[in-house]
file start32.cif (mmCIF, C-alpha atoms)
data_data
loop_
_atom_site.group_PDB
_atom_site.id
_atom_site.type_symbol
_atom_site.label_atom_id
_atom_site.label_comp_id
_atom_site.auth_asym_id
_atom_site.auth_seq_id
_atom_site.Cartn_x
_atom_site.Cartn_y
_atom_site.Cartn_z
ATOM 1 C CA MET A 1 63.128 50.894 85.873
ATOM 2 C CA ARG A 2 62.364 52.610 82.577
ATOM 3 C CA PRO A 3 64.643 50.431 80.411
ATOM 4 C CA ASN A 4 63.114 47.372 82.102
ATOM 5 C CA LYS A 5 59.590 48.500 81.227
ATOM 6 C CA ARG A 6 60.551 49.125 77.628
ATOM 7 C CA THR A 7 62.139 45.692 77.427
ATOM 8 C CA LEU A 8 59.025 44.133 78.893
ATOM 9 C CA VAL A 9 56.733 45.871 76.391
ATOM 10 C CA PHE A 10 59.009 44.975 73.505
ATOM 11 C CA SER A 11 59.112 41.368 74.653
ATOM 12 C CA LEU A 12 55.323 41.235 74.900
ATOM 13 C CA ILE A 13 54.874 42.664 71.408
ATOM 14 C CA THR A 14 57.435 40.206 70.025
ATOM 15 C CA ALA A 15 55.702 37.313 71.758
ATOM 16 C CA VAL A 16 52.258 38.325 70.413
ATOM 17 C CA PHE A 17 53.695 38.707 66.924
ATOM 18 C CA CYS A 18 55.333 35.264 67.102
ATOM 19 C CA LEU A 19 52.103 33.720 68.340
ATOM 20 C CA GLY A 20 50.218 35.380 65.501
ATOM 21 C CA VAL A 21 52.668 34.042 62.925
ATOM 22 C CA LEU A 22 52.425 30.570 64.430
ATOM 23 C CA ALA A 23 48.639 30.710 64.419
ATOM 24 C CA ALA A 24 48.621 31.816 60.773
ATOM 25 C CA VAL A 25 50.990 28.998 59.792
ATOM 26 C CA TYR A 26 48.844 26.497 61.696
ATOM 27 C CA LEU A 27 45.654 27.691 60.024
ATOM 28 C CA LEU A 28 47.235 27.492 56.588
ATOM 29 C CA ALA A 29 48.465 23.987 57.304
ATOM 30 C CA MET A 30 45.016 22.947 58.507
ATOM 31 C CA GLN A 31 43.347 24.376 55.406
ATOM 32 C CA ARG A 32 45.665 22.420 53.129
ATOM 33 C CA GLY A 33 45.054 19.246 55.069
ATOM 34 C CA THR A 34 41.272 19.390 55.119
ATOM 35 C CA GLY A 35 40.563 21.332 51.916
ATOM 36 C CA SER A 36 39.140 20.043 48.687
ATOM 37 C CA ALA A 37 41.179 18.127 46.187
ATOM 38 C CA PRO A 38 43.806 20.127 44.307
ATOM 39 C CA PRO A 39 42.452 21.364 40.990
ATOM 40 C CA ASP A 40 45.147 19.775 38.894
ATOM 41 C CA VAL A 41 45.324 16.095 39.641
ATOM 42 C CA GLU A 42 47.009 15.069 36.432
ATOM 43 C CA GLY A 43 50.371 13.546 36.884
ATOM 44 C CA VAL A 44 49.757 12.710 40.485
ATOM 45 C CA GLU A 45 50.588 9.133 41.142
ATOM 46 C CA PRO A 46 47.824 7.183 42.784
ATOM 47 C CA THR A 47 48.484 6.173 46.288
ATOM 48 C CA ALA A 48 48.626 2.559 47.241
ATOM 49 C CA PRO A 49 45.189 1.091 47.833
ATOM 50 C CA LEU A 50 44.167 0.801 51.410
ATOM 51 C CA PRO A 51 43.907 -2.718 52.722
ATOM 52 C CA SER A 52 40.294 -3.804 52.681
ATOM 53 C CA VAL A 53 40.115 -4.691 56.309
ATOM 54 C CA LEU A 54 36.630 -4.745 57.663
ATOM 55 C CA PRO A 55 35.838 -4.634 61.323
ATOM 56 C CA THR A 56 35.313 -8.101 62.634
ATOM 57 C CA GLY A 57 32.637 -7.201 65.132
ATOM 58 C CA LEU A 58 29.917 -6.510 62.566
ATOM 59 C CA PRO A 59 26.338 -7.058 63.660
ATOM 60 C CA ALA A 60 24.490 -10.034 62.249
ATOM 61 C CA PHE A 61 23.424 -9.633 58.607
ATOM 62 C CA THR A 62 19.724 -8.911 58.430
ATOM 63 C CA PRO A 63 18.535 -9.059 54.856
ATOM 64 C CA GLN A 64 15.968 -6.527 53.694
ATOM 65 C CA PRO A 65 12.755 -7.934 52.315
ATOM 66 C CA VAL A 66 12.978 -8.079 48.548
ATOM 67 C CA ILE A 67 10.901 -8.908 45.503
ATOM 68 C CA ASN A 68 12.265 -12.157 44.141
ATOM 69 C CA GLU A 69 10.969 -11.889 40.629
ATOM 70 C CA SER A 70 12.157 -10.263 37.470
ATOM 71 C CA ARG A 71 9.573 -8.234 35.690
ATOM 72 C CA ARG A 72 9.109 -6.933 32.217
ATOM 73 C CA LEU A 73 7.618 -3.592 31.350
ATOM 74 C CA THR A 74 5.858 -3.430 28.007
ATOM 75 C CA LEU A 75 4.655 -0.167 26.557
ATOM 76 C CA GLU A 76 2.362 -0.149 23.535
ATOM 77 C CA PHE A 77 1.396 3.112 21.915
ATOM 78 C CA PRO A 78 0.558 4.476 18.464
ATOM 79 C CA PRO A 79 3.452 6.630 17.186
ATOM 80 C CA THR A 80 1.105 8.059 14.553
ATOM 81 C CA ILE A 81 -2.567 8.751 15.040
ATOM 82 C CA ARG A 82 -5.243 10.513 13.009
ATOM 83 C CA ALA A 83 -6.092 13.928 14.434
ATOM 84 C CA GLY A 84 -9.438 13.783 16.167
ATOM 85 C CA ASP A 85 -9.342 9.997 16.582
ATOM 86 C CA SER A 86 -8.789 8.235 19.863
ATOM 87 C CA ASP A 87 -6.499 5.334 20.613
ATOM 88 C CA ILE A 88 -5.204 3.328 23.525
ATOM 89 C CA VAL A 89 -1.816 3.477 25.225
ATOM 90 C CA ARG A 90 -1.089 0.420 27.311
ATOM 91 C CA LEU A 91 1.608 -0.191 29.906
ATOM 92 C CA THR A 92 1.979 -3.707 31.261
ATOM 93 C CA LEU A 93 4.133 -4.760 34.181
ATOM 94 C CA GLU A 94 4.322 -8.518 33.994
ATOM 95 C CA VAL A 95 6.456 -11.233 35.511
ATOM 96 C CA ASP A 96 9.389 -12.347 33.422
ATOM 97 C CA ASN A 97 9.412 -16.085 33.989
ATOM 98 C CA LEU A 98 12.867 -16.504 32.488
ATOM 99 C CA GLY A 99 14.564 -14.053 34.778
ATOM 100 C CA ASN A 100 13.866 -15.389 38.263
ATOM 101 C CA ILE A 101 16.787 -15.385 40.604
ATOM 102 C CA THR A 102 17.539 -17.147 43.832
ATOM 103 C CA PRO A 103 20.228 -15.706 46.088
ATOM 104 C CA THR A 104 22.441 -18.383 47.528
ATOM 105 C CA ALA A 105 25.345 -16.696 49.260
ATOM 106 C CA GLN A 106 26.306 -13.714 51.349
ATOM 107 C CA PHE A 107 29.537 -11.816 51.743
ATOM 108 C CA GLU A 108 30.913 -11.607 55.226
ATOM 109 C CA GLY A 109 34.330 -10.048 55.724
ATOM 110 C CA ASN A 110 35.056 -10.502 52.004
ATOM 111 C CA ILE A 111 34.680 -14.261 52.360
ATOM 112 C CA VAL A 112 32.005 -16.128 50.485
ATOM 113 C CA THR A 113 30.511 -18.398 53.078
ATOM 114 C CA GLY A 114 28.177 -20.238 50.737
ATOM 115 C CA GLU A 115 25.393 -20.017 53.245
ATOM 116 C CA VAL A 116 21.880 -20.043 51.894
ATOM 117 C CA ILE A 117 20.012 -17.001 53.064
ATOM 118 C CA LYS A 118 16.328 -16.844 53.624
ATOM 119 C CA ILE A 119 15.395 -13.459 52.221
ATOM 120 C CA PRO A 120 12.027 -12.222 53.407
ATOM 121 C CA ASN A 121 9.479 -11.727 50.706
ATOM 122 C CA LEU A 122 8.540 -8.104 50.286
ATOM 123 C CA TYR A 123 4.998 -9.020 49.353
ATOM 124 C CA GLU A 124 4.546 -10.600 52.793
ATOM 125 C CA SER A 125 5.749 -7.605 54.752
ATOM 126 C CA HIS A 126 4.462 -4.790 52.526
ATOM 127 C CA HIS A 127 1.534 -3.849 50.368
ATOM 128 C CA VAL A 128 3.055 -3.234 46.953
ATOM 129 C CA ILE A 129 1.122 -0.834 44.750
ATOM 130 C CA ALA A 130 2.042 -0.094 41.157
ATOM 131 C CA GLU A 131 1.234 3.475 40.198
ATOM 132 C CA SER A 132 1.421 5.050 36.795
ATOM 133 C CA ARG A 133 0.736 8.390 35.218
ATOM 134 C CA PHE A 134 0.847 9.658 31.649
ATOM 135 C CA ASP A 135 1.942 13.291 31.381
ATOM 136 C CA ILE A 136 1.362 14.748 27.940
ATOM 137 C CA ALA A 137 0.373 18.259 26.990
ATOM 138 C CA GLY A 138 -2.133 19.148 24.285
ATOM 139 C CA VAL A 139 -3.738 15.719 24.078
ATOM 140 C CA GLU A 140 -7.065 14.746 25.614
ATOM 141 C CA ILE A 141 -6.207 11.887 27.907
ATOM 142 C CA ARG A 142 -8.237 9.700 30.230
ATOM 143 C CA PRO A 143 -7.643 9.073 33.029
ATOM 144 C CA THR A 144 -5.512 12.092 33.802
ATOM 145 C CA ASP A 145 -4.781 11.119 37.393
ATOM 146 C CA LEU A 146 -2.441 8.554 38.831
ATOM 147 C CA ILE A 147 -3.646 4.983 38.314
ATOM 148 C CA ASN A 148 -3.111 2.597 41.244
ATOM 149 C CA ILE A 149 -3.041 -1.164 40.916
ATOM 150 C CA PRO A 150 -2.258 -3.354 43.942
ATOM 151 C CA LEU A 151 0.482 -5.775 43.008
ATOM 152 C CA SER A 152 0.846 -9.278 44.334
ATOM 153 C CA GLU A 153 3.344 -11.995 43.599
ATOM 154 C CA GLY A 154 3.225 -13.150 40.008
ATOM 155 C CA GLN A 155 0.416 -10.786 39.127
ATOM 156 C CA THR A 156 0.389 -8.614 36.039
ATOM 157 C CA ALA A 157 -0.549 -4.955 36.261
ATOM 158 C CA THR A 158 -1.905 -3.284 33.144
ATOM 159 C CA PHE A 159 -2.460 0.454 32.792
ATOM 160 C CA ARG A 160 -4.527 1.862 29.951
ATOM 161 C CA TRP A 161 -5.024 5.413 28.772
ATOM 162 C CA SER A 162 -7.321 6.678 26.091
ATOM 163 C CA ILE A 163 -5.729 9.492 24.105
ATOM 164 C CA ARG A 164 -7.203 11.851 21.525
ATOM 165 C CA PRO A 165 -5.109 14.549 19.852
ATOM 166 C CA PRO A 166 -7.473 17.330 18.730
ATOM 167 C CA ASP A 167 -5.108 18.891 16.193
ATOM 168 C CA VAL A 168 -2.271 17.954 13.914
ATOM 169 C CA GLY A 169 1.162 18.056 15.523
ATOM 170 C CA VAL A 170 3.824 16.166 17.396
ATOM 171 C CA TYR A 171 3.055 15.574 21.056
ATOM 172 C CA ARG A 172 5.644 14.452 23.557
ATOM 173 C CA GLY A 173 4.895 13.021 26.957
ATOM 174 C CA THR A 174 6.264 10.867 29.722
ATOM 175 C CA ILE A 175 4.815 7.700 31.158
ATOM 176 C CA TRP A 176 5.846 7.290 34.784
ATOM 177 C CA LEU A 177 5.776 4.049 36.703
ATOM 178 C CA TYR A 178 6.197 4.000 40.455
ATOM 179 C CA LEU A 179 6.086 1.311 43.092
ATOM 180 C CA ARG A 180 4.633 2.293 46.441
ATOM 181 C CA PHE A 181 5.496 0.124 49.426
ATOM 182 C CA VAL A 182 3.249 0.313 52.483
ATOM 183 C CA ASP A 183 4.488 -1.514 55.558
ATOM 184 C CA LYS A 184 1.792 -3.869 56.785
ATOM 185 C CA LEU A 185 2.848 -3.405 60.404
ATOM 186 C CA ASN A 186 3.347 0.324 60.879
ATOM 187 C CA GLY A 187 1.919 1.777 57.659
ATOM 188 C CA ASP A 188 5.169 3.447 56.627
ATOM 189 C CA GLU A 189 5.154 4.375 52.979
ATOM 190 C CA SER A 190 7.979 4.629 50.505
ATOM 191 C CA ARG A 191 7.913 5.249 46.806
ATOM 192 C CA LEU A 192 10.248 4.105 44.081
ATOM 193 C CA THR A 193 10.383 5.420 40.526
ATOM 194 C CA VAL A 194 10.788 2.386 38.309
ATOM 195 C CA SER A 195 10.511 3.880 34.870
ATOM 196 C CA ALA A 196 9.985 7.153 33.032
ATOM 197 C CA GLN A 197 9.538 6.582 29.330
ATOM 198 C CA ILE A 198 9.359 9.406 26.837
ATOM 199 C CA VAL A 199 6.632 8.922 24.275
ATOM 200 C CA GLU A 200 6.267 10.846 21.021
ATOM 201 C CA ILE A 201 2.934 10.753 19.230
ATOM 202 C CA GLU A 202 2.338 12.432 15.894
ATOM 203 C CA ALA A 203 -1.194 13.455 14.957
ATOM 204 C CA VAL A 204 -1.742 13.571 11.195
ATOM 205 C CA ASN A 205 -4.517 14.383 8.752
ATOM 206 C CA LEU A 206 -5.129 13.740 5.066
ATOM 207 C CA ILE A 207 -5.312 16.850 2.876
ATOM 208 C CA GLY A 208 -6.729 18.738 5.826
ATOM 209 C CA LEU A 209 -9.326 16.100 6.689
ATOM 210 C CA SER A 210 -9.405 14.617 10.142
ATOM 211 C CA GLY A 211 -10.208 10.959 10.665
ATOM 212 C CA SER A 212 -13.960 11.390 11.067
ATOM 213 C CA ALA A 213 -14.193 13.914 8.195
ATOM 214 C CA ALA A 214 -12.315 11.536 5.880
ATOM 215 C CA ARG A 215 -14.621 8.672 6.788
ATOM 216 C CA THR A 216 -17.748 10.774 6.245
ATOM 217 C CA ALA A 217 -16.452 12.127 2.915
ATOM 218 C CA GLY A 218 -15.450 8.624 1.859
ATOM 219 C CA PHE A 219 -18.854 7.198 2.716
ATOM 220 C CA ILE A 220 -20.797 9.912 0.843
ATOM 221 C CA GLY A 221 -18.371 9.845 -2.082
ATOM 222 C CA SER A 222 -18.713 6.096 -2.412
ATOM 223 C CA ILE A 223 -22.470 6.380 -2.783
ATOM 224 C CA VAL A 224 -22.235 9.293 -5.222
ATOM 225 C CA GLY A 225 -19.468 7.627 -7.218
ATOM 226 C CA THR A 226 -21.394 4.370 -7.427
ATOM 227 C CA VAL A 227 -24.582 6.102 -8.563
ATOM 228 C CA ILE A 228 -22.852 8.302 -11.149
ATOM 229 C CA GLY A 229 -20.477 5.707 -12.443
ATOM 230 C CA PHE A 230 -22.913 2.825 -12.528
ATOM 231 C CA PRO A 231 -22.815 1.642 -16.179
ATOM 232 C CA PHE A 232 -26.478 0.702 -16.371
ATOM 233 C CA LEU A 233 -27.787 3.629 -14.347
ATOM 234 C CA GLU A 234 -29.217 5.330 -17.387
ATOM 235 C CA ASP A 235 -30.964 2.141 -18.480
ATOM 236 C CA ILE A 236 -32.369 1.623 -14.997
ATOM 237 C CA VAL A 237 -33.639 5.218 -14.820
ATOM 238 C CA LYS A 238 -35.184 4.904 -18.252
ATOM 239 C CA PHE A 239 -36.724 1.567 -17.319
ATOM 240 C CA LEU A 240 -38.196 2.961 -14.106
ATOM 241 C CA TYR A 241 -39.372 6.162 -15.857
ATOM 242 C CA GLY A 242 -40.980 4.147 -18.641
ATOM 243 C CA LYS A 243 -42.725 1.813 -16.156
ATOM 244 C CA ARG A 244 -44.230 4.795 -14.339
ATOM 245 C CA HIS A 245 -45.169 6.502 -17.577
ATOM 246 C CA ARG A 246 -47.000 3.366 -18.783
ATOM 247 C CA LYS A 247 -48.993 3.252 -15.535
ATOM 248 C CA MET B 1 -19.864 10.618 -24.990
ATOM 249 C CA SER B 2 -21.656 12.053 -21.973
ATOM 250 C CA ARG B 3 -22.227 8.542 -20.722
ATOM 251 C CA ARG B 4 -18.501 7.816 -20.907
ATOM 252 C CA ILE B 5 -17.649 11.041 -19.042
ATOM 253 C CA ARG B 6 -20.206 10.240 -16.394
ATOM 254 C CA ILE B 7 -18.814 6.754 -15.883
ATOM 255 C CA LEU B 8 -15.246 8.104 -15.740
ATOM 256 C CA LEU B 9 -16.258 10.771 -13.215
ATOM 257 C CA GLY B 10 -18.063 8.166 -11.139
ATOM 258 C CA ILE B 11 -15.023 5.883 -11.121
ATOM 259 C CA ILE B 12 -12.744 8.769 -10.055
ATOM 260 C CA ILE B 13 -15.099 9.774 -7.205
ATOM 261 C CA LEU B 14 -15.445 6.163 -6.124
ATOM 262 C CA THR B 15 -11.697 5.602 -6.127
ATOM 263 C CA LEU B 16 -11.021 8.737 -4.096
ATOM 264 C CA SER B 17 -13.790 7.854 -1.673
ATOM 265 C CA ILE B 18 -12.436 4.349 -1.193
ATOM 266 C CA LEU B 19 -8.985 5.825 -0.528
ATOM 267 C CA LEU B 20 -10.496 8.144 2.089
ATOM 268 C CA LEU B 21 -12.329 5.229 3.688
ATOM 269 C CA VAL B 22 -9.209 3.067 3.741
ATOM 270 C CA TRP B 23 -7.196 5.868 5.350
ATOM 271 C CA GLY B 24 -9.994 6.660 7.772
ATOM 272 C CA PHE B 25 -10.495 3.096 8.942
ATOM 273 C CA ALA B 26 -6.902 1.841 8.836
ATOM 274 C CA PRO B 27 -5.763 0.734 12.292
ATOM 275 C CA ALA B 28 -3.014 2.842 13.786
ATOM 276 C CA ARG B 29 0.432 1.279 13.815
ATOM 277 C CA GLN B 30 1.449 0.225 17.302
ATOM 278 C CA GLU B 31 4.943 0.580 18.674
ATOM 279 C CA THR B 32 5.974 -1.778 21.429
ATOM 280 C CA ARG B 33 8.818 -1.169 23.837
ATOM 281 C CA VAL B 34 9.902 -3.909 26.191
ATOM 282 C CA GLN B 35 12.057 -3.052 29.184
ATOM 283 C CA PRO B 36 13.308 -5.826 31.444
ATOM 284 C CA ILE B 37 13.316 -4.891 35.108
ATOM 285 C CA SER B 38 15.642 -6.777 37.395
ATOM 286 C CA PRO B 39 14.622 -7.518 40.983
ATOM 287 C CA ALA B 40 17.280 -5.031 42.153
ATOM 288 C CA GLU B 41 15.214 -2.238 40.615
ATOM 289 C CA LEU B 42 12.122 -3.247 42.534
ATOM 290 C CA GLN B 43 13.456 -3.083 46.062
ATOM 291 C CA LEU B 44 12.601 -0.848 48.955
ATOM 292 C CA PRO B 45 14.281 2.513 48.547
ATOM 293 C CA THR B 46 17.167 2.993 50.960
ATOM 294 C CA PRO B 47 18.982 6.245 51.786
ATOM 295 C CA GLU B 48 21.780 5.145 49.466
ATOM 296 C CA THR B 49 19.415 5.182 46.496
ATOM 297 C CA PHE B 50 19.048 8.929 46.859
ATOM 298 C CA LEU B 51 22.770 9.467 46.280
ATOM 299 C CA PRO B 52 23.951 10.265 42.774
ATOM 300 C CA SER B 53 25.208 7.309 40.787
ATOM 301 C CA GLY B 54 28.829 6.475 41.490
ATOM 302 C CA VAL B 55 28.750 7.876 44.999
ATOM 303 C CA SER B 56 28.721 5.534 47.948
ATOM 304 C CA VAL B 57 28.472 6.155 51.643
ATOM 305 C CA PHE B 58 31.646 4.206 52.362
#
call {"tool": "encode", "arguments": {"input": "start32.cif", "output": "structure tokens"}}
result
Amino acid sequence: MRPNKRTLVFSLITAVFCLGVLAAVYLLAMQRGTGSAPPDVEGVEPTAPLPSVLPTGLPAFTPQPVINESRRLTLEFPPTIRAGDSDIVRLTLEVDNLGNITPTAQFEGNIVTGEVIKIPNLYESHHVIAESRFDIAGVEIRPTDLINIPLSEGQTATFRWSIRPPDVGVYRGTIWLYLRFVDKLNGDESRLTVSAQIVEIEAVNLIGLSGSAARTAGFIGSIVGTVIGFPFLEDIVKFLYGKRHRK
Amino acid sequence: MSRRIRILLGIIILTLSILLLVWGFAPARQETRVQPISPAELQLPTPETFLPSGVSVF
């Protein structure tokens, strides 16, 4: 009986060990199969491209509502401004009449069918709101909040900000333009960032004079310079003095 | 002599003042940037638009 028991125990240990080795090999194989790409991919020949077979039972193509107009975004700003003076920054989102497009075909199973699709107009299904904000530090800006302009087909949206740099320096900011779509049926909202333009504005002065100081000094100096430099001033003063003296 | 100096001083002050006025009233130069926006950039955001560029769901 004893030798049989020993044999049984030995067999069990051997079996467990073999199972463990098998499990380890299996796990390693699985990790290689599902792991990330090997770090060195150079020299590896690309595999043959998979055939582009699409399932034939695709549901019917339902086009998303779209905006069927090209637009043009125009930003006007002063790159240089007198310190202490105010100016206008203007952002215009207008329709680009030359860039209109009309979709005429759809792709179905990689075959151009040539079928004309009726794409729903986004303006009919959604409220489209153009929103813009000018983020710039160190410059007095109005309005500071987000500006909202409801957008309709063919309409131009113009955003204006009044800026005033108090001191000399280079100020950098970003002008953001978003489109907010509000579903007319269920009120669902979605927002799209259309543009983020970096703007650099330099505030300058003239020999330490701000814009208003230069104007004031120029105005006073013009009067003083005219009075002092007037060629006949002396004659006029003498004439006036003599007239008074005679009286 | 004093008359000549006075006239010269007056002309210098006047010239500087006119320069200050011209600088103070000169309209700021405007920079215009035009960015065309295609209709594809004005569409409803889809989940795919949140993926990094070059990555597709298929």
call {"tool": "resolve_selection", "arguments": {"input": "start32.cif", "expression": "the PyMOL selection byres ((chain B) within 8 of (chain A))", "output": "JSON, numbers by chain"}}
result
{"B": [6, 7, 8, 9, 10, 11, 12, 13, 14, 15, 16, 17, 18, 19, 20, 21, 23, 24, 25, 28, 29, 30, 31, 32, 33, 34, 35, 36, 37, 38, 39, 41, 42, 43, 44, 45]}
call {"tool": "atom_distance", "arguments": {"input": "start32.cif", "atom1": "CA of Glu153 (chain A)", "atom2": "CA of Phe134 (chain A)"}}
result
24.9 Å
call {"tool": "atom_distance", "arguments": {"input": "start32.cif", "atom1": "CA of Ile175 (chain A)", "atom2": "CA of Val139 (chain A)"}}
result
13.7 Å
call {"tool": "decode", "arguments": {"input": "start32.cif", "residues": "region 15-34 of chain B", "atoms": "N, CA and C atoms", "output": "CSV table (one decimal), in the first residue's frame"}}
result
chain,number,residue,atom,x,y,z
B,15,THR,N,6.0,122.9,-34.8
B,15,THR,CA,6.3,121.7,-35.5
B,15,THR,C,6.2,120.5,-34.6
B,16,LEU,N,6.8,120.6,-33.4
B,16,LEU,CA,6.7,119.5,-32.5
B,16,LEU,C,5.2,119.2,-32.1
B,17,SER,N,4.5,120.3,-31.9
B,17,SER,CA,3.1,120.1,-31.5
B,17,SER,C,2.2,119.5,-32.6
B,18,ILE,N,2.5,119.9,-33.8
B,18,ILE,CA,1.8,119.3,-35.0
B,18,ILE,C,2.2,117.8,-35.1
B,19,LEU,N,3.4,117.5,-34.8
B,19,LEU,CA,3.8,116.0,-34.9
B,19,LEU,C,3.1,115.3,-33.8
B,20,LEU,N,3.0,115.9,-32.6
B,20,LEU,CA,2.2,115.2,-31.5
B,20,LEU,C,0.7,115.0,-31.9
B,21,LEU,N,0.2,116.0,-32.5
B,21,LEU,CA,-1.2,116.0,-32.9
B,21,LEU,C,-1.4,114.9,-34.0
B,22,VAL,N,-0.5,114.9,-34.9
B,22,VAL,CA,-0.6,113.9,-36.0
B,22,VAL,C,-0.5,112.5,-35.4
B,23,TRP,N,0.4,112.3,-34.5
B,23,TRP,CA,0.6,110.9,-33.9
B,23,TRP,C,-0.7,110.6,-33.1
B,24,GLY,N,-1.2,111.6,-32.4
B,24,GLY,CA,-2.3,111.4,-31.5
B,24,GLY,C,-3.6,111.1,-32.2
B,25,PHE,N,-3.7,111.7,-33.4
B,25,PHE,CA,-5.0,111.5,-34.1
B,25,PHE,C,-4.9,110.5,-35.2
B,26,ALA,N,-3.8,110.0,-35.5
B,26,ALA,CA,-3.6,109.0,-36.6
B,26,ALA,C,-4.5,107.8,-36.3
B,27,PRO,N,-5.2,107.3,-37.3
B,27,PRO,CA,-6.0,106.1,-37.1
B,27,PRO,C,-5.1,104.9,-37.0
B,28,ALA,N,-5.5,104.0,-36.1
B,28,ALA,CA,-4.7,102.8,-35.9
B,28,ALA,C,-4.8,101.9,-37.2
B,29,ARG,N,-3.7,101.3,-37.5
B,29,ARG,CA,-3.6,100.4,-38.6
B,29,ARG,C,-4.5,99.1,-38.3
B,30,GLN,N,-5.2,98.7,-39.2
B,30,GLN,CA,-6.1,97.5,-39.0
B,30,GLN,C,-5.5,96.3,-39.8
B,31,GLU,N,-5.5,95.2,-39.1
B,31,GLU,CA,-5.1,94.0,-39.7
B,31,GLU,C,-6.3,93.1,-39.9
B,32,THR,N,-6.4,92.6,-41.1
B,32,THR,CA,-7.6,91.8,-41.4
B,32,THR,C,-7.2,90.3,-41.7
B,33,ARG,N,-7.8,89.4,-41.1
B,33,ARG,CA,-7.6,88.0,-41.4
B,33,ARG,C,-8.8,87.4,-41.9
B,34,VAL,N,-8.8,86.7,-43.0
B,34,VAL,CA,-9.9,86.0,-43.5
B,34,VAL,C,-9.7,84.5,-43.5
